[in-house]
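The structure under discussion appears below in the form of structure tokens.
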Amino acid sequence: MTAATTARPAGIAASAPAADAAGFVEFADVEKSYDGRTFAVTRLNLNVARGEFLTLLGPSGSGKTTTLNMLAGFERPTSGVITLEGRLVDRLPPYERNIGMVFQNYALFPHMSVEENVAFPLSVRKITKADIASRVSRALDMVRLRQFGDRRPAQLSGGQQQRVALARALVFEPSLVLMDEPLGALDKKLREHMQLEIKQLHTMLGVTVVYVTHDQSEALTMSDRVAVFNNGGIAQLGSPDDLYNTPQSSFVASFIGENNTLEGRVERVSGKECRVALDGGGSVTALAIGVAEGEACHVAIRPERLRLASDSKAGNALAATVDGRIYLGDHLRLLARLESGQVLTVKVGPEATMSNGEPVTVSCAPSDCRAFLAEAGAGGSISKTGPS
């Protein structure tokens, strides 16, 4: 969507209000079990502010889709309560919640035209024909599809069908829009374009959005906040910047963005830092995140935080050998094999001339290393019998 199309169409939705301090959507001690023994979601407490774009991010089976389905009304919580604008909704059927939905498979009616698809939510709400016509027209203008109103979904591209699904979800002015992997069926270039379009629509209309994806870059690009799910609960909730730069667990550090993980054991803790003896030899100083002396830990280091030092006296210096080069245009990913055999990824400028087999020293500042308690099976998911 170009800058020229970002003015809010009259009658679609009100301007974005300031985010409420209290939750617009609230999950209070919500749990979901499909078989009475294992839990897809456990002890979930989550507030979503009015006008917020919140993404539920996590691997398959982590609980994010089950959480969305409970909010939509497709599943009922086993225990706990869900409220929308202060009203209990966990026992309300989906059609009484005034929620718009956008799915990965678009869920358009193939026998209806684009205009008829967009009009459907209005017709079931008994809106007058004149009002339906004006609202559909504005909604199609909003997604730049007015000229395709008489076409069937099969006559549209994947991106155009997704725009129709967006228009249908927004046309009845819902208080909340839920999106379940809406861009999963699109190719990379179109997916990135649609990410920007959805975010611009959110900013323009001020609607509250809860978005589900397993794509980390998509979550970082689009969200005000991200709830990272693992094993049926939220591992960390925060802004994209917080999650990337200050992860609070080994799982979050590994799941959000690219990451190097070194395994070792804490030798000593001094203030906010600790010294870690690495498995296979060597040691580093890192920020101590919930670790104590003698504990096994994972040290997380982002590839862009690593440097190629000129000598072994640099901070957190580790001897390595160049094991590969990956050219990506604006930068080079250098694969550096440590004496222990572990390979680190180092982001360097495209002009770097190191060749395979060349000895190098890899270094990083202690403030760029984060030591977490070692997590068995980090990145795994909870055993369950329902969807993710």
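Letters for chains follow the order of the structure tokens (A, B, ...), residue numbers begin at 1 for each chain, and ligand numbers begin at 1 in the order shown.
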Among stretch 202-253 of chain A, which ones does DSSP place in strand (DSSP E or B), written as a PyMOL selection string? chain A and resi 208-213+225-230+233-238
Taking N, CA and C atoms for each residue, export the selection above as a compact mmCIF listing (two decimals), in the first residue's frame.
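New file out-v6.txt:
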# COMPACT_ATOMS: atom_id res chain seq x y z
N THR A 208 -7.86 -3.28 17.10
CA THR A 208 -7.01 -4.18 17.88
C THR A 208 -6.80 -5.46 17.09
N VAL A 209 -5.54 -5.89 16.99
CA VAL A 209 -5.21 -7.09 16.21
C VAL A 209 -4.46 -8.08 17.09
N VAL A 210 -4.90 -9.33 17.07
CA VAL A 210 -4.14 -10.44 17.64
C VAL A 210 -3.78 -11.36 16.48
N TYR A 211 -2.50 -11.57 16.29
CA TYR A 211 -1.95 -12.18 15.08
C TYR A 211 -1.14 -13.41 15.47
N VAL A 212 -1.36 -14.51 14.80
CA VAL A 212 -0.61 -15.74 15.08
C VAL A 212 0.34 -16.04 13.92
N THR A 213 1.60 -16.34 14.26
CA THR A 213 2.57 -16.76 13.26
C THR A 213 3.66 -17.58 13.93
N ARG A 225 3.79 -5.57 20.38
CA ARG A 225 4.36 -6.52 21.34
C ARG A 225 4.24 -7.92 20.77
N VAL A 226 5.10 -8.80 21.28
CA VAL A 226 5.10 -10.20 20.86
C VAL A 226 5.05 -11.07 22.11
N ALA A 227 4.15 -12.05 22.12
CA ALA A 227 4.11 -13.06 23.18
C ALA A 227 4.73 -14.33 22.60
N VAL A 228 5.90 -14.70 23.12
CA VAL A 228 6.59 -15.90 22.64
C VAL A 228 6.07 -17.09 23.43
N PHE A 229 5.43 -18.02 22.73
CA PHE A 229 4.85 -19.20 23.37
C PHE A 229 5.81 -20.38 23.32
N ASN A 230 5.81 -21.17 24.39
CA ASN A 230 6.53 -22.44 24.42
C ASN A 230 5.90 -23.32 25.49
N GLY A 233 2.62 -22.07 27.32
CA GLY A 233 2.57 -20.81 28.06
C GLY A 233 3.46 -19.77 27.40
N ILE A 234 3.48 -18.57 27.98
CA ILE A 234 4.27 -17.47 27.44
C ILE A 234 5.67 -17.49 28.06
N ALA A 235 6.67 -17.71 27.23
CA ALA A 235 8.05 -17.70 27.69
C ALA A 235 8.53 -16.28 27.95
N GLN A 236 8.08 -15.32 27.12
CA GLN A 236 8.43 -13.91 27.31
C GLN A 236 7.47 -13.06 26.51
N LEU A 237 7.10 -11.92 27.07
CA LEU A 237 6.20 -10.96 26.43
C LEU A 237 6.86 -9.60 26.43
N GLY A 238 6.97 -8.98 25.26
CA GLY A 238 7.61 -7.67 25.21
C GLY A 238 7.63 -7.11 23.81
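Residues within 9 Å of A:Gln162, counting only C-alpha atoms and excluding same-chain residues fewer than 3 positions away, are Val102, Phe103, Gln104, Asn105, Tyr106, Ser157, Gly158, Gly159, Ala165, Leu166, Ala167, Pro182, Leu183 and Met194 of chain A.
Excluding A:Val30 itself and same-chain residues fewer than 4 positions from it, the residues having an atom within 10 Å of it are A:Glu26, A:Val41, A:Thr42, A:Arg43, A:Leu44, A:Asn45, A:Leu46, A:Thr67, A:Met70, A:Arg76, A:Pro77, A:Thr78, A:Ser79, A:Gly80, A:Val81, A:Ile82, A:Asp90, A:Gly233, counting only C-alpha atoms.
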File dump, residues just selected, all heavy atoms, as a short mmCIF file (atom, residue, chain, number, x, y, z; two decimals), in the first residue's frame:
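Ended up saving to part-v6.cif:
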data_model
loop_
_atom_site.label_atom_id
_atom_site.label_comp_id
_atom_site.auth_asym_id
_atom_site.auth_seq_id
_atom_site.Cartn_x
_atom_site.Cartn_y
_atom_site.Cartn_z
N GLU A 26 -8.56 -9.82 27.99
CA GLU A 26 -7.86 -10.38 29.15
C GLU A 26 -8.07 -11.89 29.24
O GLU A 26 -9.20 -12.37 29.15
CB GLU A 26 -8.34 -9.73 30.46
CG GLU A 26 -7.98 -8.26 30.58
CD GLU A 26 -8.23 -7.71 31.98
OE1 GLU A 26 -8.31 -8.53 32.93
OE2 GLU A 26 -8.34 -6.49 32.13
N VAL A 41 -2.69 -25.37 26.57
CA VAL A 41 -2.41 -24.06 27.17
C VAL A 41 -2.52 -24.22 28.68
O VAL A 41 -3.47 -24.85 29.17
CB VAL A 41 -3.40 -22.98 26.67
CG1 VAL A 41 -3.20 -21.67 27.43
CG2 VAL A 41 -3.24 -22.76 25.17
N THR A 42 -1.57 -23.66 29.41
CA THR A 42 -1.58 -23.82 30.86
C THR A 42 -1.28 -22.50 31.56
O THR A 42 -0.34 -21.79 31.19
CB THR A 42 -0.56 -24.90 31.30
OG1 THR A 42 -0.54 -25.00 32.71
CG2 THR A 42 0.84 -24.58 30.81
N ARG A 43 -2.14 -22.14 32.54
CA ARG A 43 -1.97 -20.96 33.39
C ARG A 43 -1.65 -19.70 32.58
O ARG A 43 -0.68 -19.00 32.86
CB ARG A 43 -0.88 -21.21 34.44
CG ARG A 43 -1.25 -22.32 35.41
CD ARG A 43 -0.20 -22.49 36.49
NE ARG A 43 1.10 -22.84 35.94
CZ ARG A 43 1.44 -24.08 35.60
NH1 ARG A 43 0.60 -25.08 35.75
NH2 ARG A 43 2.65 -24.33 35.13
N LEU A 44 -2.46 -19.41 31.59
CA LEU A 44 -2.23 -18.26 30.72
C LEU A 44 -2.87 -17.01 31.30
O LEU A 44 -4.08 -16.96 31.52
CB LEU A 44 -2.80 -18.53 29.32
CG LEU A 44 -2.70 -17.36 28.33
CD1 LEU A 44 -1.24 -17.02 28.05
CD2 LEU A 44 -3.43 -17.69 27.03
N ASN A 45 -2.05 -15.99 31.54
CA ASN A 45 -2.51 -14.66 31.94
C ASN A 45 -1.94 -13.66 30.94
O ASN A 45 -0.73 -13.52 30.81
CB ASN A 45 -2.04 -14.33 33.37
CG ASN A 45 -2.75 -15.16 34.41
OD1 ASN A 45 -3.89 -14.89 34.76
ND2 ASN A 45 -2.08 -16.19 34.91
N LEU A 46 -2.84 -12.98 30.24
CA LEU A 46 -2.42 -12.10 29.16
C LEU A 46 -3.42 -10.97 28.99
O LEU A 46 -4.62 -11.21 28.93
CB LEU A 46 -2.32 -12.91 27.85
CG LEU A 46 -2.03 -12.14 26.57
CD1 LEU A 46 -0.64 -11.49 26.61
CD2 LEU A 46 -2.16 -13.06 25.36
N THR A 67 -4.78 -20.69 21.82
CA THR A 67 -5.13 -19.43 22.48
C THR A 67 -6.00 -18.57 21.58
O THR A 67 -7.02 -18.02 22.03
CB THR A 67 -3.84 -18.67 22.87
OG1 THR A 67 -3.10 -19.46 23.80
CG2 THR A 67 -4.16 -17.32 23.48
N MET A 70 -9.53 -20.01 21.32
CA MET A 70 -10.36 -19.75 22.50
C MET A 70 -10.89 -18.32 22.48
O MET A 70 -12.03 -18.06 22.85
CB MET A 70 -9.56 -20.02 23.78
CG MET A 70 -9.34 -21.49 24.06
SD MET A 70 -8.65 -21.82 25.70
CE MET A 70 -6.98 -21.16 25.52
N ARG A 76 -13.46 -23.79 23.80
CA ARG A 76 -13.77 -23.27 25.12
C ARG A 76 -12.63 -23.60 26.08
O ARG A 76 -12.09 -24.71 26.04
CB ARG A 76 -15.06 -23.89 25.66
CG ARG A 76 -16.31 -23.34 25.02
CD ARG A 76 -17.55 -23.86 25.74
NE ARG A 76 -18.76 -23.23 25.24
CZ ARG A 76 -19.97 -23.48 25.72
NH1 ARG A 76 -20.11 -24.33 26.73
NH2 ARG A 76 -21.03 -22.86 25.22
N PRO A 77 -12.26 -22.68 26.96
CA PRO A 77 -11.21 -22.99 27.93
C PRO A 77 -11.67 -24.06 28.91
O PRO A 77 -12.86 -24.12 29.28
CB PRO A 77 -10.97 -21.65 28.64
CG PRO A 77 -12.21 -20.86 28.41
CD PRO A 77 -12.75 -21.29 27.09
N THR A 78 -10.75 -24.88 29.33
CA THR A 78 -11.05 -25.88 30.35
C THR A 78 -11.27 -25.21 31.70
O THR A 78 -12.12 -25.61 32.49
CB THR A 78 -9.91 -26.91 30.44
OG1 THR A 78 -9.72 -27.50 29.15
CG2 THR A 78 -10.21 -28.00 31.45
N SER A 79 -10.48 -24.17 31.96
CA SER A 79 -10.65 -23.38 33.18
C SER A 79 -10.15 -21.97 32.92
O SER A 79 -9.48 -21.71 31.92
CB SER A 79 -9.87 -24.01 34.35
OG SER A 79 -8.49 -24.05 34.07
N GLY A 80 -10.47 -21.05 33.84
CA GLY A 80 -10.10 -19.66 33.66
C GLY A 80 -11.15 -18.90 32.88
O GLY A 80 -12.15 -19.46 32.42
N VAL A 81 -10.94 -17.57 32.72
CA VAL A 81 -11.93 -16.73 32.04
C VAL A 81 -11.24 -15.85 31.00
O VAL A 81 -10.07 -15.49 31.12
CB VAL A 81 -12.71 -15.84 33.03
CG1 VAL A 81 -13.53 -16.68 33.98
CG2 VAL A 81 -11.76 -14.92 33.80
N ILE A 82 -12.02 -15.51 29.97
CA ILE A 82 -11.58 -14.59 28.92
C ILE A 82 -12.59 -13.46 28.85
O ILE A 82 -13.81 -13.71 28.79
CB ILE A 82 -11.50 -15.30 27.55
CG1 ILE A 82 -10.57 -16.51 27.61
CG2 ILE A 82 -11.04 -14.32 26.47
CD1 ILE A 82 -10.62 -17.38 26.37
N ASP A 90 -15.92 -16.20 27.21
CA ASP A 90 -15.44 -17.56 27.02
C ASP A 90 -16.57 -18.57 26.80
O ASP A 90 -16.31 -19.68 26.34
CB ASP A 90 -14.55 -18.01 28.21
CG ASP A 90 -15.13 -17.65 29.56
OD1 ASP A 90 -15.04 -16.49 29.94
OD2 ASP A 90 -15.68 -18.56 30.22
N GLY A 233 2.62 -22.07 27.32
CA GLY A 233 2.57 -20.81 28.06
C GLY A 233 3.46 -19.77 27.40
O GLY A 233 4.12 -20.02 26.39
#
Using only C-alpha atoms for the distances, tell me which of A:Arg275, A:His193, A:Lys347, A:Arg168 is nearest to A:Arg307. A:Lys347
Near A:Phe53, within 12 Å and counting only C-alpha atoms, which residues show up once chain neighbours fewer than 2 positions away are dropped, as a PyMOL selection string? chain A and resi 16+19+24-25+47-51+55-56+176-179+198-203+205-212+219-227+238-240
Could you tell me how far atom CA of A:Arg152 lies from atom CA of A:Ser113, in Å and to one decimal? 4.5 Å
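Note that atom CA of A:Gly257 and atom CA of A:Glu181 are 18.7 Å apart.
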Which residues are close to stretch 95-98 of chain A, i.e. within 9 Å by only C-alpha atoms, leaving aside same-chain residues fewer than 5 positions away? Reply as JSON, numbers by chain. {"A": [72, 73, 84, 89, 172, 173, 174, 175, 176, 177]}
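Distance-wise, atom CA of A:Cys369 and atom CA of A:Ala286 end up 4.7 Å apart.
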